[in-house]
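Written out below as structure tokens is the structure these notes cover.
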Amino acid sequence: MDGCRGAWYATAVLPAWLVRVPGATPAATAAAVGPGWAELGGKAAGLLRLAAAGLPVPDGWVVTPEVTEQELSGGAGRAALLEAVAQLGAGPLVVRSSASGEDAAGARAPGVYRSIVGVPREGAALVAAVAAVRASLRAPLAAAYRARLGTGASERMAVLLQATVPGLQLTLYTRDPGQGAEARHLRLERADGAALLCERDSGAVALAEWAPAELGPHWLAAVRAAVPALERAFGGAVDAELVVGAGAVTWVQARPAALWSTLERAPFSAPDGRAWRLDATHNPAPLSQAQAALVAAVEAGRTPGQVVIEGYLYVAEPMQVHDPSPSPSPSPSPSPSPSPSPSPSPSPSPSTSTSSSTSTSSSTSSGAPGPLSRARHALHHIESTLADAEVAPADLEHATAAYRTIARTYFDELSPSLAALRDDLRRQLEAHGHAATLTTLLGGVPTWATERALALAAAGRALLAGDRAALDALLAGPMGTLAPIWDVATPSYREAPAALEAAARAAAMHPPEALPASQARAAAAARATLDRLCAALPRHAATRLRRRVALAREAGRLGELDDGLFARAQAVVRRALLACAPERLRPGADDARRAALVPPLRIEGGACLYPRPPRHGALRGSGGGGRARGPAFILGDASVTPPHGVVLVVATVLPAFAHLLAHAVALVTDHGGLLSHGAALARELGLPMVVNTGMATRSFHTGQALVVDGDSGWVFPAPQP
């Protein structure tokens, strides 16, 4: 390595175990890419490739693997680290792993090694951060990962020190991985998963879930212009991370990309010029002909907010101007099925819009009802419509009309009112730099889902004692109207009680105090986080934050009632179909073909956004709740009860699946955001989770050992050493 150290190393008085990685000297860096450069580890080597290609990278230092713990922690070592980072500008530091096998073509090692952000420029803290990253090489998880790859003891750990680059971090795929090697588009994603597709040839934006102009006028052209250099440097498609700040682009990481060209595609095309998002949170499978007809009935006579394409349900999403800082965003409003989280209706009704200045109190300063009052009024209207429909004679026309009223009231009034309350809290947290605490602050709210789980366990214990009365009571109530999937062609538990009885017996095998204890821990974490945030705020700001948290938690409780409301509404329509048109409940001739498709997550014009493929076996989504490890259990049927201690992997957490989370140590989903039903229930139970991975049910298999890292949003195989 000494032969090429001169290109990296700039200060002769610093020890040899500190190596400079230049940020803006590509000519010097080009000479550095030679024998020994890989000893600086995968991340640092990737930065050298980027700089050699003439791309701006952050200035930094590498602590090489040969330094001893004694050298590092001694007074001279501490002084050398401080002198080195003093040359990296101001602000907190990022201390990142740069293992020798990291970011390689066959071993990205996501979440296996540590990286620490926000490290202060203080000797003890800096030495501790470097030591922690180095120690992650010896962690059991890392050893198991290397054993699977066959690298064993040959792996070495360098540590990369960089100043924090201000701006919005994005991930670039130089070829959209869902389109394969012949992709026409490059793909950019924010940390919250919102994507943008851009034509590789023309630079035209083909699909956008956020507005690129938010970041300035020229940054996107700079990214596209860098693509040829990136692909030359890495020998093909590249997966890179970049930061856009003040219109400038800084490249912070790059590695060979994983492409997937085996998607079963069909001619998905949007019915109009709007953007359309797959409603997989509630309907991951194709709809029956009866459910598709119900969608059409809800949207009849107005500009549709929902449409069925190739059997899959899509909701319209007019372009919204997003906040540049990444934050959890609600999932799209569903079709005739409950919403995972309050979110604006896709219909163009004026009542669906919410303003950033909307008052969150029960009434506004002008005396008009506030969001909470409007939500409660809409809820009362839905309840009264349901009560009338449930006692009326079975008539398909009347049942469909009642369903239309319920669905439109929910989409146009209830859901946007609840969304306003949550959005107001999110904005205040972002204003104070605490956006990441949103999911914790909403944790532990008692919901109908946990009430169902507790009641089911109690019914199971009664069954084991020979008493069916409790189970019969559940079947006779709202829980009996639930079905394994949101489709009127699927029998409810009341019609087919065997699955619910099996679930009750399984739930009874767990300690009765486990669920309340998990919920209590999540609620305690929410209180502690709120107290900590308020202690750092002026009194008036703390009071406002406490009120907004209380309102958002109440919005969460009300929003979780929709499972019961829509289950009852579906039951009204199903009763009428069974009585008046049972032939509409039969399977369609095209059902099997459609079920084999991988539908695009979003359609806009002629562009389709497909799920990301795994990166060397790992998937990324939105996470929270810490880290857990366990065997995967791929669940597609609520009648199957998973064993205890599994990582539950589902397309989405449907109401029928909710009680099964009591068996899990972690949750992984294909679809649904951090404010979805599944994420809300995981928070309530204190479970680590990674949601919205896109392809978990197709990428992992039952029994496979997984690590779920909610903090980083990664889920990946963890083979035994």
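Residues in the structure tokens are numbered from 1 in each chain, the chains being A, B, ... in the order shown, and ligands are numbered from 1 in the order shown.
Near Gly123 (chain A), within 9 Å and counting only C-alpha atoms, sit Arg78, Ala79, Leu81 and Leu82 of chain A; same-chain residues fewer than 6 positions away were not included.
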* For region 212-221 of chain A, please output as a PyMOL selection string all residues within 12 Å (counting only C-alpha atoms; exclusion window: fewer than 4 positions along the same chain). => chain A and resi 167-170+172+186-190+194-208+225-227+242-250+319-325
* To do: Have a look at A:Ala555, A:Ala651, A:Leu463, A:Ala489 and name the one nearest to Arg586 (chain A); count only C-alpha atoms.
  => A:Ala489
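CA of His434 (chain A) is found 20.3 Å from CA of Asp709 (chain A).
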* **Distance in Å - CA of Ser699 (chain A) versus CA of Gln253 (chain A)** => 24.9 Å
* To do: Rank A:Leu561, A:Pro491, A:Thr439, A:Ile485 by their smallest atom-to-atom distance to Gly686 (chain A), using only C-alpha atoms, and report the top residue only.
  =>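 Once distances to Gly686 (chain A) are computed over only C-alpha atoms, the minimum belongs to A:Thr439.
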* Choose the residue, out of A:Ala191, A:Ala542, A:Ala718, A:Ala387, that has the smallest atom-to-atom separation from Ala436 (chain A); count only C-alpha atoms. =>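 Distance minimum relative to Ala436 (chain A) lands on A:Ala191.
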* Could you pull the residues within 8 Å of Pro611 (chain A), counting only C-alpha atoms, minus those fewer than 5 positions along the same chain, as a list in words? -> Gly178, Pro600, Leu601, Thr693, Gly694 and Met695 of chain A
Those selected residues, please, written with C-alpha atoms and delivered as a PDB file, in the first residue's frame.
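Result file out-v1.pdb:
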```pdb
ATOM      1  CA  GLY A 178     -37.344  -3.728 -11.733  1.00  0.00           C
ATOM      2  CA  PRO A 600     -46.174  -2.290 -10.603  1.00  0.00           C
ATOM      3  CA  LEU A 601     -46.350  -0.262  -7.412  1.00  0.00           C
ATOM      4  CA  THR A 693     -39.981  -4.032   1.287  1.00  0.00           C
ATOM      5  CA  GLY A 694     -41.853  -4.794  -1.930  1.00  0.00           C
ATOM      6  CA  MET A 695     -40.776  -8.412  -2.350  1.00  0.00           C
TER       7      MET A 695
END
```
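For region 572-575 of chain A, the set of protein, DNA and RNA residues having any atom at most 7 Å away, when counting only C-alpha atoms and skipping those fewer than 5 positions along the same chain, is Ala389, Glu390, Ala394, Leu396, Ala399, Thr400 and Val488 of chain A.
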Selection above as a file: C-alpha atoms, as a short mmCIF file (atom, residue, chain, number, x, y, z; two decimals), in the first residue's frame:
```cif
data_model
loop_
_atom_site.label_atom_id
_atom_site.label_comp_id
_atom_site.auth_asym_id
_atom_site.auth_seq_id
_atom_site.Cartn_x
_atom_site.Cartn_y
_atom_site.Cartn_z
CA ALA A 389 -78.22 -1.52 6.39
CA GLU A 390 -77.60 -4.45 8.73
CA ALA A 394 -81.16 -8.46 1.67
CA LEU A 396 -78.30 -5.87 -3.67
CA ALA A 399 -76.73 -2.79 0.02
CA THR A 400 -74.51 -1.33 -2.71
CA VAL A 488 -66.77 -9.93 -0.76
#
```
* Members of region 434-556 of chain A assigned alpha helix (DSSP H) by DSSP, as a ChimeraX atom specification -> /A:438-441,448-464,469-476,498-507,514-535,539-556
* Tell me, as a list in words, which residues lie within 7 Å of region 376-385 of chain A, counting only C-alpha atoms; anything in the same chain fewer than 5 positions away does not count. =>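 Those residues are Ala402, Ile406, Thr409, Glu413 and Leu414 of chain A.
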* To do: Would you return as a list of chain:residue names the members of region 267-308 of chain A that DSSP assigns to strand (DSSP E) on this structure's backbone?
  =>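 Output for region 267-308 of chain A, strand (DSSP E) only: A:Ala275, A:Trp276, A:Arg277, A:Leu278, A:Gln306, A:Val307, A:Val308.
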Please write the residues from the selection above to a file, keeping N, CA, C and O atoms, as a CSV table (one decimal), in the first residue's frame.
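Writing the result to selection-v9.csv gives the following:
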```csv
chain,number,residue,atom,x,y,z
A,275,ALA,N,-51.3,9.9,-11.8
A,275,ALA,CA,-50.5,8.8,-11.2
A,275,ALA,C,-51.4,7.9,-10.4
A,275,ALA,O,-52.3,8.3,-9.7
A,276,TRP,N,-51.1,6.5,-10.5
A,276,TRP,CA,-52.0,5.5,-9.9
A,276,TRP,C,-51.1,4.6,-9.1
A,276,TRP,O,-50.1,4.1,-9.6
A,277,ARG,N,-51.4,4.4,-7.8
A,277,ARG,CA,-50.6,3.6,-6.9
A,277,ARG,C,-51.4,2.3,-6.5
A,277,ARG,O,-52.6,2.3,-6.2
A,278,LEU,N,-50.7,1.2,-6.5
A,278,LEU,CA,-51.2,-0.1,-6.1
A,278,LEU,C,-51.7,0.0,-4.7
A,278,LEU,O,-50.9,0.3,-3.8
A,306,GLN,N,-60.4,5.4,-7.8
A,306,GLN,CA,-59.9,4.0,-7.8
A,306,GLN,C,-60.2,3.3,-9.1
A,306,GLN,O,-61.2,3.7,-9.7
A,307,VAL,N,-59.4,2.4,-9.5
A,307,VAL,CA,-59.6,1.7,-10.7
A,307,VAL,C,-59.0,0.3,-10.6
A,307,VAL,O,-58.0,0.1,-9.9
A,308,VAL,N,-59.5,-0.7,-11.3
A,308,VAL,CA,-59.0,-2.0,-11.3
A,308,VAL,C,-58.3,-2.3,-12.6
A,308,VAL,O,-58.9,-2.1,-13.7
```
* To do: Give me, please, the distance in Å between CA of His644 (chain A) and CA of Gly673 (chain A), quoted to one decimal.
  => 25.1 Å
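Closest to Gln179 (chain A) among A:Leu438, A:Ala607, A:Leu551, A:Ala581 is A:Ala607, based on only C-alpha atoms.
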